2 protein chains.
Amino acid sequence: MAQRGQSDAAGRTPRAPAENAAEITTPMPTINGNGLRDRARAIPEAAVARLAVYLRVLSGMREQGVASVSSEELSGAAGVNSAKLRKDLSYIGSYGTRGVGYEVEVLVDQIERVLGLTREQSVAVVGIGNLGHALANYGGFPGRGFPVTALFDVDPDLMGVPVGGIPVDHIDDIPKVCAAREVTIGVIATPPPAAQAVCDRLVQAGVECILNFAPVVLQVPETVEVRKVDLAVELQILSFHVARRADHAPDADATPAQRVNGNAPNGVVVRR
Amino acid sequence: MAQRGQSDAAGRTPRAPAENAAEITTPMPTINGNGLRDRARAIPEAAVARLAVYLRVLSGMREQGVASVSSEELSGAAGVNSAKLRKDLSYIGSYGTRGVGYEVEVLVDQIERVLGLTREQSVAVVGIGNLGHALANYGGFPGRGFPVTALFDVDPDLMGVPVGGIPVDHIDDIPKVCAAREVTIGVIATPPPAAQAVCDRLVQAGVECILNFAPVVLQVPETVEVRKVDLAVELQILSFHVARRADHAPDADATPAQRVNGNAPNGVVVRR
DNA sequence: AGCCGCTTGTGAACGCAGGCACAAAGTCGC
DNA sequence: GCGACTTTGTGCCTGCGTTCACAAGCGGCT
């Protein structure tokens with residue numbers, strides 16, 4: 001993304017599944033051609049998204065006392081094909097043991113390192129509606145993760161009211177508060193009309209990574225990374241598939257078998 | 001993405017047991033102009049996601065009385081490159097006038113047709129927490145869109161209570177209620193442990209498209225389309241970019257806020 | 001100690017998606 | 001009515017991401 005989703009969305013994605021993000025204006029000034037100091041950049045965005053999934057699965061395994069795992073097992077649990085999993089893992093280094101598999105602990109540590117989860121990322125949520133509430137309460141994740149340290153809204157009634165333990169500030173204070181709390185990631189959960197103004201303030205505050213839930217195309221400087229999650233778009237994509245299915249239904253040839261072919265490890269099938 | 005991811009995430013993008021990726025694979029590159037039905041299959045998923053964005057932008061334009069638009073204008077507003085936009089539009093047919101541009105009205109209609117928005121998709125939301133509330137109140141979107149016609153939870157206190165105008169039912173009634181209300185899209189907004197069970201019930205109810213917000217890899221039959229939106233994954237992807245950025249920047253150790261402020265690009269705001 | 005089988009890591013092929021650039025096509029002005 | 005200008009639609013080329021297939025490496029078994 002995707003956001004790309006998801007996508008992606010991914011947003012993005014690609015940049016993400018749904019690829020998205022930084023295309024905006026600027027005709028790709030990316031002098032990226034150097035390809036030199038790209039050690040980190042060498043990891044494709046799609047792979048990064050999957051690494052996050054692997055991390056979640058691995059965390060679950062660790063909690064259940066699983067010490068070691070093979071690419072086959074892990075890929076099955078993550079819903080990808082094992083070759084892709086191995087390639088993804090190879091982007092971050094060689095931490096497996098041939099003939100044996102991977103040590104869960106090691107993999108967790110390494111993925112966390114690559115994803116930058118070793119140092120906590122401070123998150124600000126702007127727009128404390130239903131969605132903002134949900135995000136504010138999200139708190140810790142699979143493992144620990146992203147402490148929400150600042151909340152903003154325009155509603156006077158919300159000012160100072162703690163939500164999920166954090167008091168709400170006015171969006172005019174975004175620059176000040178974000179700087180003070182070293183916010184690195186901003187989340188926009190406002191109504192569409194307010195999104196761009198909020199985004200501008202976040203950028204002004206030095207935030208370089210933004211997760212946007214508002215159905216608007218944000219305009220940002222090239223240095224800022226934006227991922228978007230658009231519920232309407234997600235629904236419309238699904239709607240497209242429904243339509244396609246309906247159109248195709250009369251002569252429904254038992255669905256494209258090739259698509260899940262190599263992926264679904266044996267059992268993936270229909271539970272229940 | 002899916003990608004998504006959206007998927008990007010995508011980002012990407014997302015596919016349940018599998019991932020996402022190039023599906024649909026229709027051999028023929030599609031000749032437009034006729035063959036109304038088979039062309040839908042040839043549209044790449046990434047393009048579908050963008051079409052949804054174009055639709056939103058176009059709806060806004062229509063509301064402001066804009067009658068006609070060029071690929072350059074529209075692509076600018078949608079944040080993509082104009083060639084890509086034209087190619088995307090070409091997937092659905094030739095509705096532009098050379099030398100002039102596209103008629104907004106026509107484009108809106110055609111995109112809605114392709115996305116299957118002409119017949120309304122009935123949506124069920126499962127898990128009425130903060131996120132579920134947000135979704136239930138989402139109501140209509142850009143234009144009209146996806147009527148939420150059913151809500152489910154396990155909490156006895158919620159049973160029968162109307163949220164956004166729709167009463168909440170127990171998840172055990174999913175098959176019955178979904179069938180009765182002809183639900184075509186299911187949205188899972190439950191805690192992770194409940195997600196798979198809910199998913200199974202939705203599938204059992206005949207729902208073939210699922211939007212999953214729970215951080216779990218759902219196991220579904222191949223006939224079911226799943227898109228996932230994982231907030232943790234989105235944040236981790238952003239975190240990755242923060243980390244990458246820090247590695248790249250020689251003056252890495254300053255406080256994040258200070259550092260980024262220093263990097264603040266000249267024209268902070270690009271704005272439409 | 002040496003062999004065997006298992007699993008990783010990766011080079012190479014393949015296929016899709018993106019971008020460029022141009023021919024086709026239609027409009028406007030004269 | 002004709003020519004020049006504008007913008008679409010698309011063929012081709014490039015690059016990325018996925019998949020395949022296999023050699024390399026490691027542990028266990030005899």
# chains A, B, ... in the order shown; residues from 1 in each chain; ligands from 1
call {"tool": "interface_residues", "arguments": {"of": "chain A", "to": "chain C", "cutoff": "8 Å", "atoms": "only C-alpha atoms (C1' of nucleotides)", "output": "VMD selection string"}}
result
chain A and resid 70 86 to 87 90 94 96 to 101
call {"tool": "write_last_selection", "arguments": {"atoms": "N, CA and C atoms", "output": "tab-separated table (two decimals), in the first residue's frame"}}
result
chain	number	residue	atom	x	y	z
A	70	SER	N	10.65	-22.54	11.29
A	70	SER	CA	11.18	-22.64	9.93
A	70	SER	C	10.45	-21.65	9.02
A	86	ARG	N	11.54	-15.78	3.00
A	86	ARG	CA	13.01	-15.88	3.13
A	86	ARG	C	13.69	-14.69	2.50
A	87	LYS	N	13.17	-14.29	1.36
A	87	LYS	CA	13.77	-13.12	0.71
A	87	LYS	C	13.59	-11.87	1.56
A	90	SER	N	15.98	-11.97	4.23
A	90	SER	CA	17.37	-11.80	3.78
A	90	SER	C	17.71	-10.31	3.64
A	94	SER	N	21.33	-12.34	7.62
A	94	SER	CA	21.25	-13.80	7.64
A	94	SER	C	21.21	-14.29	9.08
A	96	GLY	N	19.24	-17.01	10.03
A	96	GLY	CA	18.73	-18.37	10.13
A	96	GLY	C	19.86	-19.38	10.20
A	97	THR	N	19.50	-20.59	10.54
A	97	THR	CA	20.47	-21.68	10.54
A	97	THR	C	19.99	-22.73	9.55
A	98	ARG	N	20.79	-22.96	8.55
A	98	ARG	CA	20.37	-23.90	7.51
A	98	ARG	C	20.14	-25.28	8.08
A	99	GLY	N	19.12	-25.89	7.60
A	99	GLY	CA	18.77	-27.21	8.10
A	99	GLY	C	17.94	-27.16	9.37
A	100	VAL	N	17.84	-25.97	9.97
A	100	VAL	CA	17.12	-25.85	11.23
A	100	VAL	C	15.98	-24.84	11.15
A	101	GLY	N	16.32	-23.61	10.90
A	101	GLY	CA	15.29	-22.58	10.88
A	101	GLY	C	15.78	-21.31	11.54
call {"tool": "interface_residues", "arguments": {"of": "chain D", "to": "chain A", "cutoff": "9 Å", "atoms": "only C-alpha atoms (C1' of nucleotides)", "output": "PDB file with N, CA, C and O atoms (P, O5', C5', C4', C3', O3' and C1' of nucleotides), in the first residue's frame"}}
result
ATOM      1  P    DC D  16      14.367  -0.022  -9.621  1.00  0.00           P
ATOM      2  O5'  DC D  16      13.138  -0.730  -8.914  1.00  0.00           O
ATOM      3  C5'  DC D  16      11.853  -0.102  -8.962  1.00  0.00           C
ATOM      4  C4'  DC D  16      10.801  -1.130  -8.600  1.00  0.00           C
ATOM      5  C3'  DC D  16      11.177  -1.991  -7.399  1.00  0.00           C
ATOM      6  O3'  DC D  16      10.056  -2.047  -6.535  1.00  0.00           O
ATOM      7  C1'  DC D  16      10.669  -3.371  -9.258  1.00  0.00           C
ATOM      8  P    DG D  17      10.207  -2.638  -5.083  1.00  0.00           P
ATOM      9  O5'  DG D  17       9.372  -3.980  -5.189  1.00  0.00           O
ATOM     10  C5'  DG D  17       8.076  -3.919  -5.767  1.00  0.00           C
ATOM     11  C4'  DG D  17       7.601  -5.324  -6.065  1.00  0.00           C
ATOM     12  C3'  DG D  17       7.869  -6.324  -4.938  1.00  0.00           C
ATOM     13  O3'  DG D  17       6.716  -7.124  -4.804  1.00  0.00           O
ATOM     14  C1'  DG D  17       8.804  -7.126  -6.930  1.00  0.00           C
ATOM     15  P    DT D  18       6.640  -8.167  -3.600  1.00  0.00           P
ATOM     16  O5'  DT D  18       6.260  -9.550  -4.305  1.00  0.00           O
ATOM     17  C5'  DT D  18       5.483  -9.530  -5.502  1.00  0.00           C
ATOM     18  C4'  DT D  18       5.673 -10.824  -6.280  1.00  0.00           C
ATOM     19  C3'  DT D  18       5.783 -12.086  -5.418  1.00  0.00           C
ATOM     20  O3'  DT D  18       4.917 -13.067  -5.965  1.00  0.00           O
ATOM     21  C1'  DT D  18       7.599 -11.974  -6.933  1.00  0.00           C
ATOM     22  P    DT D  19       4.668 -14.416  -5.158  1.00  0.00           P
ATOM     23  O5'  DT D  19       5.429 -15.484  -6.057  1.00  0.00           O
ATOM     24  C5'  DT D  19       5.256 -15.456  -7.471  1.00  0.00           C
ATOM     25  C4'  DT D  19       6.265 -16.373  -8.133  1.00  0.00           C
ATOM     26  C3'  DT D  19       6.495 -17.694  -7.393  1.00  0.00           C
ATOM     27  O3'  DT D  19       6.269 -18.764  -8.309  1.00  0.00           O
ATOM     28  C1'  DT D  19       8.569 -16.653  -7.908  1.00  0.00           C
ATOM     29  P    DC D  20       6.391 -20.275  -7.836  1.00  0.00           P
ATOM     30  O5'  DC D  20       7.756 -20.720  -8.542  1.00  0.00           O
ATOM     31  C5'  DC D  20       8.066 -20.229  -9.840  1.00  0.00           C
ATOM     32  C4'  DC D  20       9.446 -20.704 -10.267  1.00  0.00           C
ATOM     33  C3'  DC D  20       9.820 -22.097  -9.772  1.00  0.00           C
ATOM     34  O3'  DC D  20      10.420 -22.804 -10.848  1.00  0.00           O
ATOM     35  C1'  DC D  20      11.457 -20.518  -9.078  1.00  0.00           C
ATOM     36  P    DG D  25      28.982 -22.278   1.863  1.00  0.00           P
ATOM     37  O5'  DG D  25      28.153 -22.789   3.113  1.00  0.00           O
ATOM     38  C5'  DG D  25      27.161 -21.928   3.671  1.00  0.00           C
ATOM     39  C4'  DG D  25      26.346 -22.687   4.691  1.00  0.00           C
ATOM     40  C3'  DG D  25      27.166 -23.362   5.789  1.00  0.00           C
ATOM     41  O3'  DG D  25      26.555 -23.022   7.016  1.00  0.00           O
ATOM     42  C1'  DG D  25      25.662 -24.895   4.844  1.00  0.00           C
ATOM     43  P    DC D  26      27.408 -23.024   8.344  1.00  0.00           P
ATOM     44  O5'  DC D  26      26.561 -23.997   9.269  1.00  0.00           O
ATOM     45  C5'  DC D  26      25.153 -23.789   9.394  1.00  0.00           C
ATOM     46  C4'  DC D  26      24.492 -25.081   9.804  1.00  0.00           C
ATOM     47  C3'  DC D  26      25.262 -25.878  10.853  1.00  0.00           C
ATOM     48  O3'  DC D  26      24.443 -26.034  11.996  1.00  0.00           O
ATOM     49  C1'  DC D  26      24.497 -27.276   9.096  1.00  0.00           C
ATOM     50  P    DG D  27      24.989 -26.605  13.357  1.00  0.00           P
ATOM     51  O5'  DG D  27      24.036 -27.865  13.561  1.00  0.00           O
ATOM     52  C5'  DG D  27      22.644 -27.714  13.325  1.00  0.00           C
ATOM     53  C4'  DG D  27      21.989 -29.084  13.258  1.00  0.00           C
ATOM     54  C3'  DG D  27      22.428 -30.045  14.364  1.00  0.00           C
ATOM     55  O3'  DG D  27      21.285 -30.726  14.849  1.00  0.00           O
ATOM     56  C1'  DG D  27      22.917 -30.971  12.236  1.00  0.00           C
TER      57       DG D  27
END
call {"tool": "closest_residue", "arguments": {"among": "B:Leu89, B:Ala77, B:Phe152, B:Ile166", "to": "chain A", "atoms": "only C-alpha atoms"}}
result
B:Ala77
call {"tool": "atom_distance", "arguments": {"atom1": "atom CA of Val163 of chain B", "atom2": "atom CA of Pro147 of chain B"}}
result
13.3 Å
call {"tool": "closest_residue", "arguments": {"among": "A:Val66, A:Leu74, A:Ala134, A:Val177", "to": "chain B", "atoms": "only C-alpha atoms"}}
result
A:Ala134
call {"tool": "closest_residue", "arguments": {"among": "B:Ala243, B:Val198, B:Ala124, B:Leu135", "to": "chain A", "atoms": "only C-alpha atoms"}}
result
B:Ala243
call {"tool": "atom_distance", "arguments": {"atom1": "atom CA of Arg62 of chain B", "atom2": "atom CA of Ser122 of chain B"}}
result
25.4 Å
call {"tool": "select_by_dssp", "arguments": {"residues": "segment 23-119 of chain B", "states": "strand (DSSP E)", "output": "number ranges by chain"}}
result
B: 68-69, 96-97, 101-103
call {"tool": "select_by_dssp", "arguments": {"residues": "segment 151-260 of chain B", "states": "helix (DSSP H, G or I)", "output": "PyMOL selection string"}}
result
chain B and resi 156-158+171-180+192-204+231-248+256-260
call {"tool": "atom_distance", "arguments": {"atom1": "atom CA of Val183 of chain A", "atom2": "atom CA of Ala205 of chain A"}}
result
8.7 Å
call {"tool": "residues_around", "arguments": {"residues": "Leu58 of chain B", "least_positions_apart": "2", "cutoff": "9 Å", "atoms": "only C-alpha atoms (C1' of nucleotides)", "output": "PyMOL selection string"}}
result
chain B and resi 53-56+60-63+66+69+74+104-105+107-108
call {"tool": "residues_around", "arguments": {"residues": "Phe213 of chain A", "least_positions_apart": "5", "cutoff": "12 Å", "atoms": "only C-alpha atoms (C1' of nucleotides)", "output": "PDB file with N, CA and C atoms, in the first residue's frame"}}
result
ATOM      1  N   GLN A   3      -2.929   2.312   1.953  1.00  0.00           N
ATOM      2  CA  GLN A   3      -2.855   2.718   2.303  1.00  0.00           C
ATOM      3  C   GLN A   3      -2.303   2.317   1.510  1.00  0.00           C
ATOM      4  N   GLY A   5      -2.312   0.820   2.244  1.00  0.00           N
ATOM      5  CA  GLY A   5      -3.276  -0.273   1.536  1.00  0.00           C
ATOM      6  C   GLY A   5      -3.225   1.055   2.274  1.00  0.00           C
ATOM      7  N   ALA A   9      -0.962   2.058   0.716  1.00  0.00           N
ATOM      8  CA  ALA A   9      -1.407   2.109   0.663  1.00  0.00           C
ATOM      9  C   ALA A   9      -1.126   2.317   0.572  1.00  0.00           C
ATOM     10  N   ALA A  10      -1.487   2.096   0.824  1.00  0.00           N
ATOM     11  CA  ALA A  10      -0.841   1.423   1.530  1.00  0.00           C
ATOM     12  C   ALA A  10      -0.982   2.069   1.233  1.00  0.00           C
ATOM     13  N   GLY A  11      -1.133   2.943   2.259  1.00  0.00           N
ATOM     14  CA  GLY A  11      -1.018   3.132   1.942  1.00  0.00           C
ATOM     15  C   GLY A  11      -0.226   3.098   1.457  1.00  0.00           C
ATOM     16  N   VAL A 125      -2.063  12.252  17.996  1.00  0.00           N
ATOM     17  CA  VAL A 125      -3.314  12.014  17.274  1.00  0.00           C
ATOM     18  C   VAL A 125      -4.102  13.316  17.225  1.00  0.00           C
ATOM     19  N   VAL A 126      -4.499  13.701  16.033  1.00  0.00           N
ATOM     20  CA  VAL A 126      -5.264  14.939  15.874  1.00  0.00           C
ATOM     21  C   VAL A 126      -6.677  14.603  15.412  1.00  0.00           C
ATOM     22  N   GLY A 127      -7.630  15.117  16.139  1.00  0.00           N
ATOM     23  CA  GLY A 127      -9.023  14.840  15.805  1.00  0.00           C
ATOM     24  C   GLY A 127      -9.553  13.755  16.717  1.00  0.00           C
ATOM     25  N   GLY A 129     -12.452  12.335  17.527  1.00  0.00           N
ATOM     26  CA  GLY A 129     -13.808  11.840  17.333  1.00  0.00           C
ATOM     27  C   GLY A 129     -13.821  10.373  17.703  1.00  0.00           C
ATOM     28  N   LEU A 131     -12.978   7.859  15.831  1.00  0.00           N
ATOM     29  CA  LEU A 131     -11.746   7.247  15.373  1.00  0.00           C
ATOM     30  C   LEU A 131     -10.567   7.665  16.240  1.00  0.00           C
ATOM     31  N   GLY A 132     -10.510   8.949  16.559  1.00  0.00           N
ATOM     32  CA  GLY A 132      -9.441   9.447  17.419  1.00  0.00           C
ATOM     33  C   GLY A 132      -9.432   8.734  18.767  1.00  0.00           C
ATOM     34  N   LEU A 135      -7.997   5.334  18.361  1.00  0.00           N
ATOM     35  CA  LEU A 135      -6.548   5.386  18.208  1.00  0.00           C
ATOM     36  C   LEU A 135      -5.851   5.702  19.527  1.00  0.00           C
ATOM     37  N   GLY A 186       2.695  11.750  13.250  1.00  0.00           N
ATOM     38  CA  GLY A 186       1.415  12.404  13.444  1.00  0.00           C
ATOM     39  C   GLY A 186       0.302  11.618  12.783  1.00  0.00           C
ATOM     40  N   VAL A 187      -0.815  11.512  13.470  1.00  0.00           N
ATOM     41  CA  VAL A 187      -1.964  10.799  12.902  1.00  0.00           C
ATOM     42  C   VAL A 187      -3.121  11.778  12.731  1.00  0.00           C
ATOM     43  N   ILE A 188      -3.624  11.878  11.538  1.00  0.00           N
ATOM     44  CA  ILE A 188      -4.720  12.801  11.261  1.00  0.00           C
ATOM     45  C   ILE A 188      -6.033  12.049  11.177  1.00  0.00           C
ATOM     46  N   ALA A 189      -6.920  12.342  12.102  1.00  0.00           N
ATOM     47  CA  ALA A 189      -8.227  11.672  12.157  1.00  0.00           C
ATOM     48  C   ALA A 189      -9.325  12.714  12.220  1.00  0.00           C
ATOM     49  N   THR A 190      -9.110  13.799  11.536  1.00  0.00           N
ATOM     50  CA  THR A 190     -10.068  14.908  11.532  1.00  0.00           C
ATOM     51  C   THR A 190     -11.040  14.763  10.365  1.00  0.00           C
ATOM     52  N   PRO A 191     -12.073  15.584  10.353  1.00  0.00           N
ATOM     53  CA  PRO A 191     -12.917  15.635   9.153  1.00  0.00           C
ATOM     54  C   PRO A 191     -12.085  16.166   7.988  1.00  0.00           C
ATOM     55  N   PRO A 192     -12.464  15.808   6.782  1.00  0.00           N
ATOM     56  CA  PRO A 192     -11.692  16.168   5.593  1.00  0.00           C
ATOM     57  C   PRO A 192     -11.299  17.641   5.499  1.00  0.00           C
ATOM     58  N   ALA A 194     -10.568  19.859   7.571  1.00  0.00           N
ATOM     59  CA  ALA A 194      -9.542  20.323   8.497  1.00  0.00           C
ATOM     60  C   ALA A 194      -8.190  19.676   8.251  1.00  0.00           C
ATOM     61  N   ALA A 195      -8.175  18.629   7.469  1.00  0.00           N
ATOM     62  CA  ALA A 195      -6.974  17.803   7.360  1.00  0.00           C
ATOM     63  C   ALA A 195      -5.741  18.556   6.867  1.00  0.00           C
ATOM     64  N   GLN A 196      -5.899  19.337   5.812  1.00  0.00           N
ATOM     65  CA  GLN A 196      -4.728  20.005   5.259  1.00  0.00           C
ATOM     66  C   GLN A 196      -4.132  21.011   6.246  1.00  0.00           C
ATOM     67  N   CYS A 199      -2.354  19.125   8.856  1.00  0.00           N
ATOM     68  CA  CYS A 199      -1.131  18.590   8.265  1.00  0.00           C
ATOM     69  C   CYS A 199      -0.048  19.665   8.226  1.00  0.00           C
ATOM     70  N   LEU A 218      -3.246  14.956   0.732  1.00  0.00           N
ATOM     71  CA  LEU A 218      -2.481  15.975   1.440  1.00  0.00           C
ATOM     72  C   LEU A 218      -1.324  16.489   0.600  1.00  0.00           C
ATOM     73  N   VAL A 226       3.988  10.449   3.851  1.00  0.00           N
ATOM     74  CA  VAL A 226       2.573  10.322   4.193  1.00  0.00           C
ATOM     75  C   VAL A 226       2.055   8.950   3.804  1.00  0.00           C
ATOM     76  N   ARG A 227       1.382   8.322   4.718  1.00  0.00           N
ATOM     77  CA  ARG A 227       0.642   7.108   4.374  1.00  0.00           C
ATOM     78  C   ARG A 227      -0.814   7.389   4.631  1.00  0.00           C
ATOM     79  N   LYS A 228      -1.647   6.877   3.762  1.00  0.00           N
ATOM     80  CA  LYS A 228      -3.055   7.164   3.973  1.00  0.00           C
ATOM     81  C   LYS A 228      -3.860   5.888   4.125  1.00  0.00           C
ATOM     82  N   VAL A 229      -4.844   5.977   4.951  1.00  0.00           N
ATOM     83  CA  VAL A 229      -5.790   4.884   5.131  1.00  0.00           C
ATOM     84  C   VAL A 229      -7.151   5.471   4.859  1.00  0.00           C
ATOM     85  N   ASP A 230      -7.758   5.009   3.794  1.00  0.00           N
ATOM     86  CA  ASP A 230      -9.033   5.583   3.388  1.00  0.00           C
ATOM     87  C   ASP A 230     -10.103   4.501   3.373  1.00  0.00           C
ATOM     88  N   LEU A 231     -10.974   4.588   4.354  1.00  0.00           N
ATOM     89  CA  LEU A 231     -11.981   3.534   4.498  1.00  0.00           C
ATOM     90  C   LEU A 231     -12.877   3.447   3.283  1.00  0.00           C
ATOM     91  N   ALA A 232     -13.248   4.602   2.740  1.00  0.00           N
ATOM     92  CA  ALA A 232     -14.133   4.595   1.577  1.00  0.00           C
ATOM     93  C   ALA A 232     -13.447   3.881   0.416  1.00  0.00           C
ATOM     94  N   VAL A 233     -12.186   4.167   0.229  1.00  0.00           N
ATOM     95  CA  VAL A 233     -11.461   3.516  -0.863  1.00  0.00           C
ATOM     96  C   VAL A 233     -11.410   2.013  -0.657  1.00  0.00           C
ATOM     97  N   GLU A 234     -11.163   1.606   0.560  1.00  0.00           N
ATOM     98  CA  GLU A 234     -11.117   0.174   0.841  1.00  0.00           C
ATOM     99  C   GLU A 234     -12.453  -0.481   0.506  1.00  0.00           C
TER     100      GLU A 234
ATOM    101  N   ALA B 134     -17.140   4.450  15.088  1.00  0.00           N
ATOM    102  CA  ALA B 134     -16.680   5.346  14.036  1.00  0.00           C
ATOM    103  C   ALA B 134     -17.179   4.861  12.680  1.00  0.00           C
ATOM    104  N   VAL B 229      -6.635  -3.705   7.098  1.00  0.00           N
ATOM    105  CA  VAL B 229      -6.108  -2.404   7.495  1.00  0.00           C
ATOM    106  C   VAL B 229      -5.539  -2.600   8.883  1.00  0.00           C
ATOM    107  N   LEU B 231      -3.400  -0.909  11.750  1.00  0.00           N
ATOM    108  CA  LEU B 231      -2.824   0.352  12.223  1.00  0.00           C
ATOM    109  C   LEU B 231      -1.395   0.172  12.700  1.00  0.00           C
ATOM    110  N   GLU B 234       0.904   0.038   9.795  1.00  0.00           N
ATOM    111  CA  GLU B 234       1.090   1.371   9.206  1.00  0.00           C
ATOM    112  C   GLU B 234       2.085   2.188  10.026  1.00  0.00           C
TER     113      GLU B 234
END
